[in-house]
file target-v2.cif (mmCIF, C-alpha atoms)
data_final
#
loop_
_atom_site.label_atom_id
_atom_site.label_comp_id
_atom_site.auth_asym_id
_atom_site.auth_seq_id
_atom_site.Cartn_x
_atom_site.Cartn_y
_atom_site.Cartn_z
CA MET A 339 -3.99 -26.21 4.23
CA GLU A 340 -3.29 -24.68 0.83
CA LYS A 341 -5.50 -21.65 0.37
CA ILE A 342 -6.92 -20.37 -2.91
CA LYS A 343 -7.29 -16.87 -4.30
CA LEU A 344 -10.82 -15.48 -4.29
CA GLY A 345 -10.92 -14.11 -7.80
CA LYS A 346 -9.16 -10.77 -8.15
CA SER A 347 -9.95 -9.72 -4.58
CA GLY A 348 -6.50 -10.43 -3.21
CA LEU A 349 -8.07 -12.55 -0.46
CA LEU A 350 -6.54 -15.94 0.27
CA VAL A 351 -9.33 -18.20 1.48
CA PRO A 352 -9.82 -21.84 2.51
CA PRO A 353 -11.09 -24.10 -0.31
CA ILE A 354 -14.06 -24.82 1.95
CA ALA A 355 -16.45 -22.11 3.16
CA LEU A 356 -19.01 -22.76 5.88
CA GLY A 357 -22.62 -22.18 4.91
CA CYS A 358 -24.61 -20.89 7.87
CA MET A 359 -28.18 -21.24 6.64
CA ARG A 360 -29.03 -23.91 9.24
CA LEU A 361 -27.76 -22.05 12.30
CA ALA A 362 -31.15 -20.68 13.31
CA ASP A 363 -32.58 -24.19 13.72
CA ALA A 364 -29.63 -25.61 15.63
CA GLU A 365 -29.29 -25.97 19.36
CA ARG A 366 -26.79 -23.45 20.67
CA LYS A 367 -24.50 -26.19 21.97
CA GLN A 368 -24.26 -27.75 18.51
CA ALA A 369 -23.78 -24.35 16.88
CA ASP A 370 -20.91 -23.53 19.24
CA ALA A 371 -19.32 -26.92 18.54
CA PHE A 372 -19.62 -26.21 14.82
CA LEU A 373 -17.80 -22.88 15.20
CA HIS A 374 -15.09 -24.37 17.40
CA THR A 375 -14.50 -27.29 15.02
CA ALA A 376 -14.40 -25.03 11.97
CA LEU A 377 -11.75 -22.75 13.46
CA GLU A 378 -9.74 -25.73 14.69
CA LEU A 379 -9.67 -27.02 11.12
CA GLY A 380 -8.56 -23.61 9.83
CA LEU A 381 -11.90 -23.03 8.09
CA ASN A 382 -12.59 -19.39 8.86
CA PHE A 383 -14.75 -18.41 5.86
CA PHE A 384 -18.43 -18.14 6.80
CA ASP A 385 -21.20 -17.71 4.21
CA HIS A 386 -24.46 -15.97 5.14
CA ALA A 387 -27.47 -14.35 3.48
CA ASP A 388 -29.90 -11.83 4.87
CA ILE A 389 -32.81 -14.22 4.20
CA TYR A 390 -31.37 -17.25 6.02
CA GLY A 391 -33.73 -17.88 8.89
CA GLY A 392 -35.30 -14.50 8.20
CA GLY A 393 -32.09 -12.91 9.49
CA ALA A 394 -31.85 -15.18 12.53
CA CYS A 395 -28.80 -17.06 11.21
CA GLU A 396 -26.74 -13.87 11.04
CA ARG A 397 -27.92 -12.84 14.50
CA VAL A 398 -27.06 -16.22 16.04
CA PHE A 399 -23.63 -16.18 14.41
CA GLY A 400 -22.96 -12.68 15.73
CA GLU A 401 -23.82 -13.83 19.24
CA MET A 402 -21.65 -16.94 18.86
CA ILE A 403 -18.48 -15.14 17.84
CA LYS A 404 -18.99 -12.52 20.54
CA ASP A 405 -19.45 -15.12 23.27
CA ALA A 406 -16.50 -17.15 21.96
CA GLY A 407 -14.26 -14.09 21.97
CA VAL A 408 -13.21 -14.66 18.36
CA ARG A 409 -11.39 -11.71 16.83
CA ARG A 410 -13.15 -10.23 13.83
CA GLU A 411 -9.90 -10.03 11.88
CA ASP A 412 -9.54 -13.81 12.19
CA LEU A 413 -12.76 -14.39 10.27
CA ILE A 414 -13.82 -13.96 6.66
CA ILE A 415 -17.53 -13.17 6.59
CA GLN A 416 -19.57 -13.18 3.42
CA SER A 417 -23.25 -12.38 3.09
CA LYS A 418 -25.75 -12.12 0.28
CA CYS A 419 -28.67 -9.81 -0.45
CA ALA A 420 -31.29 -8.95 -3.10
CA ILE A 421 -34.01 -11.56 -2.44
CA VAL A 422 -37.29 -10.22 -1.10
CA PRO A 423 -38.89 -13.59 -0.24
CA GLY A 424 -42.02 -14.40 -2.20
CA LYS A 425 -42.11 -10.98 -3.84
CA MET A 426 -39.15 -10.05 -6.01
CA TYR A 427 -35.41 -9.70 -6.49
CA ASP A 428 -34.09 -6.19 -5.84
CA PHE A 429 -30.78 -4.75 -7.08
CA SER A 430 -31.81 -1.17 -6.35
CA LYS A 431 -29.26 1.00 -4.57
CA GLU A 432 -31.66 1.64 -1.72
CA HIS A 433 -32.27 -2.06 -1.12
CA ILE A 434 -28.61 -3.08 -1.32
CA LEU A 435 -27.52 -0.38 1.15
CA SER A 436 -30.36 -1.18 3.55
CA ALA A 437 -29.72 -4.93 3.35
CA VAL A 438 -26.03 -4.52 4.15
CA ASP A 439 -26.80 -2.33 7.15
CA GLY A 440 -29.20 -4.98 8.41
CA SER A 441 -26.64 -7.77 7.99
CA LEU A 442 -23.93 -5.78 9.75
CA LYS A 443 -26.20 -5.07 12.70
CA ARG A 444 -27.25 -8.71 13.07
CA LEU A 445 -23.69 -10.01 12.68
CA GLY A 446 -22.33 -7.49 15.16
CA THR A 447 -19.60 -6.27 12.84
CA ASP A 448 -18.84 -3.06 10.98
CA TYR A 449 -17.82 -4.66 7.69
CA LEU A 450 -18.34 -7.62 5.38
CA ASP A 451 -15.35 -9.14 3.67
CA VAL A 452 -17.52 -10.13 0.71
CA LEU A 453 -21.03 -9.21 -0.45
CA LEU A 454 -22.80 -11.28 -3.11
CA LEU A 455 -25.95 -10.37 -5.02
CA HIS A 456 -28.07 -13.44 -4.33
CA ARG A 457 -30.27 -13.90 -7.43
CA PRO A 458 -30.29 -12.05 -10.77
CA ASP A 459 -32.74 -9.15 -10.86
CA ALA A 460 -34.47 -8.83 -14.25
CA LEU A 461 -34.83 -5.10 -13.59
CA MET A 462 -31.14 -4.61 -12.79
CA GLU A 463 -29.64 -1.26 -13.70
CA PRO A 464 -25.86 -1.82 -13.60
CA GLU A 465 -25.10 1.85 -12.93
CA GLU A 466 -27.32 1.81 -9.84
CA VAL A 467 -25.60 -1.30 -8.51
CA ALA A 468 -22.27 0.40 -9.14
CA GLU A 469 -23.35 3.40 -7.08
CA ALA A 470 -24.30 1.13 -4.20
CA PHE A 471 -21.01 -0.78 -4.37
CA ASP A 472 -18.98 2.42 -4.53
CA GLU A 473 -20.73 3.79 -1.45
CA LEU A 474 -20.27 0.55 0.46
CA GLU A 475 -16.60 0.35 -0.43
CA LYS A 476 -15.94 4.01 0.38
CA SER A 477 -17.63 3.68 3.77
CA GLY A 478 -15.67 0.52 4.55
CA LYS A 479 -18.80 -1.56 5.02
CA VAL A 480 -17.92 -4.02 2.25
CA ARG A 481 -14.45 -4.90 1.00
CA HIS A 482 -15.15 -7.18 -1.97
CA PHE A 483 -18.10 -7.95 -4.22
CA GLY A 484 -19.53 -10.88 -6.15
CA VAL A 485 -22.69 -12.51 -7.41
CA SER A 486 -24.65 -15.72 -7.10
CA ASN A 487 -26.52 -17.76 -9.72
CA GLU A 488 -25.51 -15.48 -12.59
CA ASP A 489 -24.80 -16.41 -16.20
CA PRO A 490 -21.84 -15.03 -18.17
CA TYR A 491 -23.65 -12.22 -19.97
CA THR A 492 -25.36 -10.97 -16.82
CA MET A 493 -21.96 -10.80 -15.15
CA GLU A 494 -20.52 -9.10 -18.22
CA LEU A 495 -23.28 -6.49 -18.19
CA LEU A 496 -22.89 -5.82 -14.49
CA GLN A 497 -19.10 -5.66 -14.65
CA SER A 498 -19.32 -3.06 -17.42
CA ALA A 499 -20.52 -0.53 -14.85
CA LEU A 500 -18.63 -1.67 -11.76
CA HIS A 501 -15.35 -0.22 -10.54
CA GLN A 502 -14.69 -3.35 -8.48
CA PRO A 503 -14.03 -6.79 -9.97
CA ILE A 504 -16.65 -9.50 -9.51
CA CYS A 505 -14.62 -11.88 -7.36
CA ALA A 506 -17.00 -14.84 -7.02
CA ASN A 507 -20.10 -16.46 -8.42
CA GLN A 508 -21.93 -18.87 -6.10
CA LEU A 509 -23.62 -21.68 -8.01
CA GLN A 510 -25.23 -25.04 -7.35
CA MET A 511 -23.22 -28.13 -8.16
CA SER A 512 -22.58 -31.70 -7.06
CA LEU A 513 -21.69 -35.03 -8.63
CA THR A 514 -25.29 -35.44 -9.79
CA ASN A 515 -25.79 -31.79 -10.68
CA ALA A 516 -22.72 -31.05 -12.77
CA THR A 517 -24.04 -29.81 -16.10
CA MET A 518 -21.43 -27.05 -16.21
CA ILE A 519 -18.74 -29.75 -16.26
CA ALA A 520 -20.55 -32.33 -18.41
CA GLN A 521 -21.93 -30.13 -21.16
CA PRO A 522 -18.64 -28.84 -22.59
CA MET A 523 -17.54 -32.46 -23.06
CA ASN A 524 -20.75 -33.09 -25.02
CA THR A 525 -20.52 -30.12 -27.36
CA ASN A 526 -22.25 -30.85 -30.68
CA ILE A 527 -23.66 -34.14 -29.33
CA CYS A 528 -27.45 -34.35 -29.67
CA ASP A 529 -28.25 -37.70 -28.09
CA GLY A 530 -30.49 -36.48 -25.29
CA LEU A 531 -27.76 -36.97 -22.71
CA ASN A 532 -27.78 -33.41 -21.42
CA PRO A 533 -31.05 -31.73 -22.43
CA VAL A 534 -30.30 -28.62 -20.37
CA LEU A 535 -27.72 -26.62 -22.28
CA ASP A 536 -24.95 -25.11 -20.22
CA ASN A 537 -24.25 -21.41 -20.69
CA GLY A 538 -20.48 -21.66 -20.45
CA VAL A 539 -20.33 -20.23 -16.94
CA LEU A 540 -17.50 -22.51 -15.80
CA ASN A 541 -15.04 -21.50 -18.51
CA TYR A 542 -16.21 -17.88 -18.40
CA CYS A 543 -15.36 -17.67 -14.72
CA ARG A 544 -11.98 -19.30 -15.32
CA LEU A 545 -11.18 -16.87 -18.12
CA HIS A 546 -12.15 -13.83 -16.04
CA ASN A 547 -10.61 -14.99 -12.75
CA ILE A 548 -13.94 -15.27 -10.94
CA THR A 549 -13.96 -17.93 -8.25
CA ILE A 550 -16.87 -20.34 -8.47
CA GLN A 551 -18.31 -21.06 -5.05
CA PHE A 552 -20.41 -24.19 -5.26
CA GLN A 553 -23.07 -25.07 -2.74
CA TYR A 554 -22.02 -28.57 -1.75
CA GLY A 555 -23.79 -29.53 1.46
CA PHE A 556 -27.24 -28.82 0.06
CA PHE A 557 -26.95 -31.65 -2.49
CA GLU A 558 -24.75 -34.39 -1.04
CA GLY A 559 -27.53 -35.89 1.06
CA VAL A 560 -29.68 -36.29 -2.05
CA PHE A 561 -27.42 -38.94 -3.58
CA ILE A 562 -25.11 -40.31 -0.87
CA GLY A 563 -26.72 -43.49 0.36
CA SER A 564 -29.69 -43.05 -1.96
CA GLU A 565 -31.16 -46.13 -3.68
CA LYS A 566 -31.60 -43.99 -6.80
CA TYR A 567 -27.84 -43.98 -7.38
CA PRO A 568 -26.55 -47.52 -6.72
CA LYS A 569 -23.60 -47.34 -9.14
CA LEU A 570 -22.48 -43.97 -7.85
CA ASN A 571 -22.67 -45.02 -4.21
CA ALA A 572 -20.83 -48.25 -4.91
CA LYS A 573 -18.02 -46.28 -6.54
CA LEU A 574 -18.01 -43.71 -3.71
CA ASP A 575 -17.70 -46.50 -1.15
CA GLU A 576 -14.94 -48.18 -3.15
CA LEU A 577 -12.91 -44.99 -3.41
CA ALA A 578 -13.58 -44.07 0.22
CA GLU A 579 -11.86 -47.33 1.17
CA LYS A 580 -9.04 -46.72 -1.29
CA TYR A 581 -8.28 -43.21 0.00
CA ASN A 582 -9.16 -44.04 3.63
CA VAL A 583 -11.77 -41.29 3.97
CA THR A 584 -15.58 -41.17 4.02
CA ASN A 585 -17.79 -41.17 0.94
CA THR A 586 -18.68 -37.58 1.80
CA ALA A 587 -15.02 -36.62 1.45
CA ILE A 588 -14.78 -38.42 -1.89
CA ALA A 589 -17.86 -36.65 -3.26
CA LEU A 590 -16.41 -33.29 -2.28
CA ALA A 591 -12.92 -34.16 -3.50
CA TRP A 592 -14.40 -34.88 -6.93
CA ILE A 593 -15.30 -31.22 -7.44
CA LEU A 594 -12.22 -29.84 -5.71
CA ARG A 595 -10.12 -31.90 -8.13
CA HIS A 596 -11.29 -29.68 -10.99
CA PRO A 597 -8.56 -27.23 -12.11
CA ALA A 598 -10.93 -24.26 -11.79
CA LYS A 599 -9.99 -24.16 -8.07
CA MET A 600 -13.55 -23.79 -6.90
CA GLN A 601 -14.54 -23.09 -3.30
CA ALA A 602 -17.03 -25.43 -1.67
CA VAL A 603 -19.77 -23.93 0.48
CA THR A 604 -20.85 -26.67 2.85
CA GLY A 605 -24.31 -26.79 4.36
CA THR A 606 -23.60 -28.88 7.42
CA ILE A 607 -23.33 -27.66 11.00
CA ASN A 608 -22.56 -31.17 12.24
CA PRO A 609 -18.96 -31.15 13.56
CA LYS A 610 -18.29 -34.75 12.49
CA ARG A 611 -19.62 -34.14 8.97
CA LEU A 612 -17.52 -30.99 8.81
CA CYS A 613 -14.42 -33.05 9.62
CA ASP A 614 -15.42 -35.47 6.84
CA CYS A 615 -15.58 -32.55 4.41
CA ALA A 616 -12.22 -31.19 5.54
CA ALA A 617 -10.63 -34.58 4.86
CA ALA A 618 -11.26 -33.95 1.15
CA LEU A 619 -8.53 -31.32 1.26
CA ASP A 620 -5.90 -33.94 2.02
CA ILE A 621 -6.49 -36.09 -1.06
CA THR A 622 -6.21 -35.62 -4.80
CA LEU A 623 -8.27 -38.03 -6.86
CA ALA A 624 -6.42 -39.79 -9.65
CA ARG A 625 -7.70 -38.87 -13.10
CA GLU A 626 -9.10 -42.38 -13.65
CA ASP A 627 -10.94 -42.21 -10.32
CA TRP A 628 -12.39 -38.80 -11.18
CA TYR A 629 -13.74 -40.12 -14.48
CA ALA A 630 -14.99 -43.31 -12.83
CA LEU A 631 -17.17 -41.20 -10.54
CA TYR A 632 -18.30 -39.09 -13.47
CA LEU A 633 -19.47 -42.19 -15.32
CA ALA A 634 -21.02 -43.72 -12.20
CA ALA A 635 -23.06 -40.56 -11.72
CA GLY A 636 -24.79 -41.29 -15.04
CA TYR A 637 -22.81 -39.15 -17.43
CA ARG A 638 -21.25 -40.60 -20.58
CA LEU A 639 -18.22 -39.89 -22.66
CA PRO A 640 -19.20 -39.23 -26.31
#

call {"tool": "encode", "arguments": {"input": "target-v2.cif", "output": "structure tokens"}}
result
Amino acid sequence: MEKIKLGKSGLLVPPIALGCMRLADAERKQADAFLHTALELGLNFFDHADIYGGGACERVFGEMIKDAGVRREDLIIQSKCAIVPGKMYDFSKEHILSAVDGSLKRLGTDYLDVLLLHRPDALMEPEEVAEAFDELEKSGKVRHFGVSNEDPYTMELLQSALHQPICANQLQMSLTNATMIAQPMNTNICDGLNPVLDNGVLNYCRLHNITIQFQYGFFEGVFIGSEKYPKLNAKLDELAEKYNVTNTAIALAWILRHPAKMQAVTGTINPKRLCDCAAALDITLAREDWYALYLAAGYRLP
């Protein structure tokens, strides 16, 4: 497996990260099978958040790796903080430090490889975030830092105070939710095709060497096999036969084909579905096939 660089962090990571937000609802047998399959495939990057399952997902994962006897140094663990469910987003130093301590305790580890700020806080004070990051780095509790769901200027503002580079920005994207790809190709076109204007986050991240992590598994079930997208599914099935993989692999390969070298964050804990996702790493869609999927998803070329 060819690994990718996670921004300016120096970390080499698999192109697929494993989202763990469904662990709390899984039977332990399935969860263990998920972990075993992931490591067998060489997928050792696990994505968490302090709010997933109210903290239960981190706790279950910590128990799993302990029982499995997996060495901490063989894993890359990322978590996110700053959402106070139903109340607010909180980038205060006190909250960030407290949230990290909580995640470390539940995960049963003394450090995170990567910490992301989960949602932009309108009351963000960049200098206060910088203080929190400096303390976390100095104490060894967090090695690298990033964000999630942030636009270019919010990242620019935050980076102006940070001593560490923002290494990743986790965003939502799929074949049917690809405005960041479609909009630049429709610049200066006012035909109602893409009413939601993109903020340039894709090219900004490429210019500043910030890896885009896209949440893949949360969207694929919305369109794969759905009667709402007959043309797209027909094309997915056609290309799945051509490349001898599943339609899930084709849908994932479409985004991985983009030269931005994005990292997929899957949402599945089904071992078979995880293998389907991993198969996307072994194929490279031809340019004409990539554009055929783009058009089948409902986008147009101006």

call {"tool": "residues_around", "arguments": {"input": "target-v2.cif", "residues": "region 401-411 of chain A", "least_positions_apart": "3", "cutoff": "7 Å", "atoms": "all atoms listed in the file", "output": "list in words"}}
result
Asp370, Arg397 and Val398 of chain A

call {"tool": "write_last_selection", "arguments": {"input": "target-v2.cif", "atoms": "C-alpha atoms", "output": "CSV table (one decimal), in the frame of the given file"}}
result
chain,number,residue,atom,x,y,z
A,370,ASP,CA,-20.9,-23.5,19.2
A,397,ARG,CA,-27.9,-12.8,14.5
A,398,VAL,CA,-27.1,-16.2,16.0

call {"tool": "resolve_selection", "arguments": {"input": "target-v2.cif", "expression": "the PyMOL selection byres ((chain A and resi 608) around 12)", "output": "JSON, numbers by chain"}}
result
{"A": [356, 357, 358, 360, 361, 364, 365, 367, 368, 369, 370, 371, 372, 373, 374, 375, 376, 555, 604, 605, 606, 607, 609, 610, 611, 612, 613, 614, 615]}

call {"tool": "closest_residue", "arguments": {"input": "target-v2.cif", "among": "A:Ala635, A:Ala602, A:Leu500, A:Ala468", "to": "Asp385 (chain A)", "atoms": "all atoms listed in the file"}}
result
A:Ala602

call {"tool": "closest_residue", "arguments": {"input": "target-v2.cif", "among": "A:Leu413, A:Leu379, A:Leu639, A:Leu349", "to": "Asn524 (chain A)", "atoms": "all atoms listed in the file"}}
result
A:Leu639

call {"tool": "resolve_selection", "arguments": {"input": "target-v2.cif", "expression": "the PyMOL selection byres ((chain A and resi 444) around 7)", "output": "PyMOL selection string"}}
result
chain A and resi 396-397+400+440-443+445-446

call {"tool": "resolve_selection", "arguments": {"input": "target-v2.cif", "expression": "the PyMOL selection byres ((chain A and resi 499) around 7)", "output": "MDAnalysis selection string"}}
result
chainID A and resid 464:465 468 496:498 500:501

call {"tool": "atom_distance", "arguments": {"input": "target-v2.cif", "atom1": "CA of Phe552 (chain A)", "atom2": "CA of Glu378 (chain A)"}}
result
22.7 Å

call {"tool": "atom_distance", "arguments": {"input": "target-v2.cif", "atom1": "CA of Ile593 (chain A)", "atom2": "CA of Ala630 (chain A)"}}
result
13.2 Å

call {"tool": "atom_distance", "arguments": {"input": "target-v2.cif", "atom1": "CA of Ala587 (chain A)", "atom2": "CA of Thr517 (chain A)"}}
result
20.9 Å

call {"tool": "decode", "arguments": {"input": "target-v2.cif", "residues": "region 421-484 of chain A", "atoms": "C-alpha atoms", "output": "PDB file, in the first residue's frame"}}
result
ATOM      1  CA  ILE A 421     -18.453  20.124  20.358  1.00  0.00           C
ATOM      2  CA  VAL A 422     -20.584  20.438  23.473  1.00  0.00           C
ATOM      3  CA  PRO A 423     -23.663  18.586  22.173  1.00  0.00           C
ATOM      4  CA  GLY A 424     -26.792  20.695  21.928  1.00  0.00           C
ATOM      5  CA  LYS A 425     -25.146  23.674  23.595  1.00  0.00           C
ATOM      6  CA  MET A 426     -22.159  25.175  21.841  1.00  0.00           C
ATOM      7  CA  TYR A 427     -18.757  24.779  20.205  1.00  0.00           C
ATOM      8  CA  ASP A 428     -15.836  25.493  22.521  1.00  0.00           C
ATOM      9  CA  PHE A 429     -12.267  26.346  21.477  1.00  0.00           C
ATOM     10  CA  SER A 430     -11.319  27.628  24.925  1.00  0.00           C
ATOM     11  CA  LYS A 431      -8.003  26.450  26.320  1.00  0.00           C
ATOM     12  CA  GLU A 432      -9.707  24.930  29.339  1.00  0.00           C
ATOM     13  CA  HIS A 433     -12.111  22.890  27.222  1.00  0.00           C
ATOM     14  CA  ILE A 434      -9.481  21.643  24.762  1.00  0.00           C
ATOM     15  CA  LEU A 435      -7.143  20.497  27.547  1.00  0.00           C
ATOM     16  CA  SER A 436      -9.959  18.820  29.469  1.00  0.00           C
ATOM     17  CA  ALA A 437     -11.324  17.119  26.354  1.00  0.00           C
ATOM     18  CA  VAL A 438      -7.925  15.660  25.449  1.00  0.00           C
ATOM     19  CA  ASP A 439      -7.444  14.308  28.964  1.00  0.00           C
ATOM     20  CA  GLY A 440     -10.845  12.648  28.742  1.00  0.00           C
ATOM     21  CA  SER A 441     -10.064  11.072  25.364  1.00  0.00           C
ATOM     22  CA  LEU A 442      -6.693   9.777  26.547  1.00  0.00           C
ATOM     23  CA  LYS A 443      -8.254   8.175  29.608  1.00  0.00           C
ATOM     24  CA  ARG A 444     -11.003   6.469  27.609  1.00  0.00           C
ATOM     25  CA  LEU A 445      -8.602   5.296  24.894  1.00  0.00           C
ATOM     26  CA  GLY A 446      -6.127   3.983  27.441  1.00  0.00           C
ATOM     27  CA  THR A 447      -3.185   5.809  25.917  1.00  0.00           C
ATOM     28  CA  ASP A 448      -0.920   8.664  26.945  1.00  0.00           C
ATOM     29  CA  TYR A 449      -0.890  10.467  23.599  1.00  0.00           C
ATOM     30  CA  LEU A 450      -2.873  11.211  20.458  1.00  0.00           C
ATOM     31  CA  ASP A 451      -1.094  11.203  17.138  1.00  0.00           C
ATOM     32  CA  VAL A 452      -3.502  13.830  15.818  1.00  0.00           C
ATOM     33  CA  LEU A 453      -6.065  16.147  17.415  1.00  0.00           C
ATOM     34  CA  LEU A 454      -8.673  17.926  15.291  1.00  0.00           C
ATOM     35  CA  LEU A 455     -10.945  20.778  16.331  1.00  0.00           C
ATOM     36  CA  HIS A 456     -14.325  19.337  15.395  1.00  0.00           C
ATOM     37  CA  ARG A 457     -16.486  22.332  14.392  1.00  0.00           C
ATOM     38  CA  PRO A 458     -15.601  26.033  13.999  1.00  0.00           C
ATOM     39  CA  ASP A 459     -16.234  28.061  17.143  1.00  0.00           C
ATOM     40  CA  ALA A 460     -17.603  31.538  16.354  1.00  0.00           C
ATOM     41  CA  LEU A 461     -16.004  32.774  19.585  1.00  0.00           C
ATOM     42  CA  MET A 462     -12.566  31.366  18.737  1.00  0.00           C
ATOM     43  CA  GLU A 463      -9.587  33.278  20.049  1.00  0.00           C
ATOM     44  CA  PRO A 464      -6.613  31.963  18.035  1.00  0.00           C
ATOM     45  CA  GLU A 465      -4.086  32.868  20.728  1.00  0.00           C
ATOM     46  CA  GLU A 466      -5.984  30.804  23.295  1.00  0.00           C
ATOM     47  CA  VAL A 467      -6.070  27.803  20.974  1.00  0.00           C
ATOM     48  CA  ALA A 468      -2.345  28.254  20.413  1.00  0.00           C
ATOM     49  CA  GLU A 469      -1.721  28.146  24.162  1.00  0.00           C
ATOM     50  CA  ALA A 470      -3.656  24.908  24.432  1.00  0.00           C
ATOM     51  CA  PHE A 471      -1.805  23.328  21.508  1.00  0.00           C
ATOM     52  CA  ASP A 472       1.574  24.397  22.866  1.00  0.00           C
ATOM     53  CA  GLU A 473       0.799  22.862  26.248  1.00  0.00           C
ATOM     54  CA  LEU A 474      -0.438  19.632  24.686  1.00  0.00           C
ATOM     55  CA  GLU A 475       2.610  19.355  22.462  1.00  0.00           C
ATOM     56  CA  LYS A 476       5.053  20.158  25.271  1.00  0.00           C
ATOM     57  CA  SER A 477       3.468  17.559  27.550  1.00  0.00           C
ATOM     58  CA  GLY A 478       3.565  14.946  24.797  1.00  0.00           C
ATOM     59  CA  LYS A 479      -0.188  14.412  24.897  1.00  0.00           C
ATOM     60  CA  VAL A 480      -0.719  15.416  21.257  1.00  0.00           C
ATOM     61  CA  ARG A 481       1.807  15.182  18.444  1.00  0.00           C
ATOM     62  CA  HIS A 482       0.014  16.850  15.523  1.00  0.00           C
ATOM     63  CA  PHE A 483      -2.950  19.173  15.081  1.00  0.00           C
ATOM     64  CA  GLY A 484      -5.686  19.849  12.557  1.00  0.00           C
TER      65      GLY A 484
END
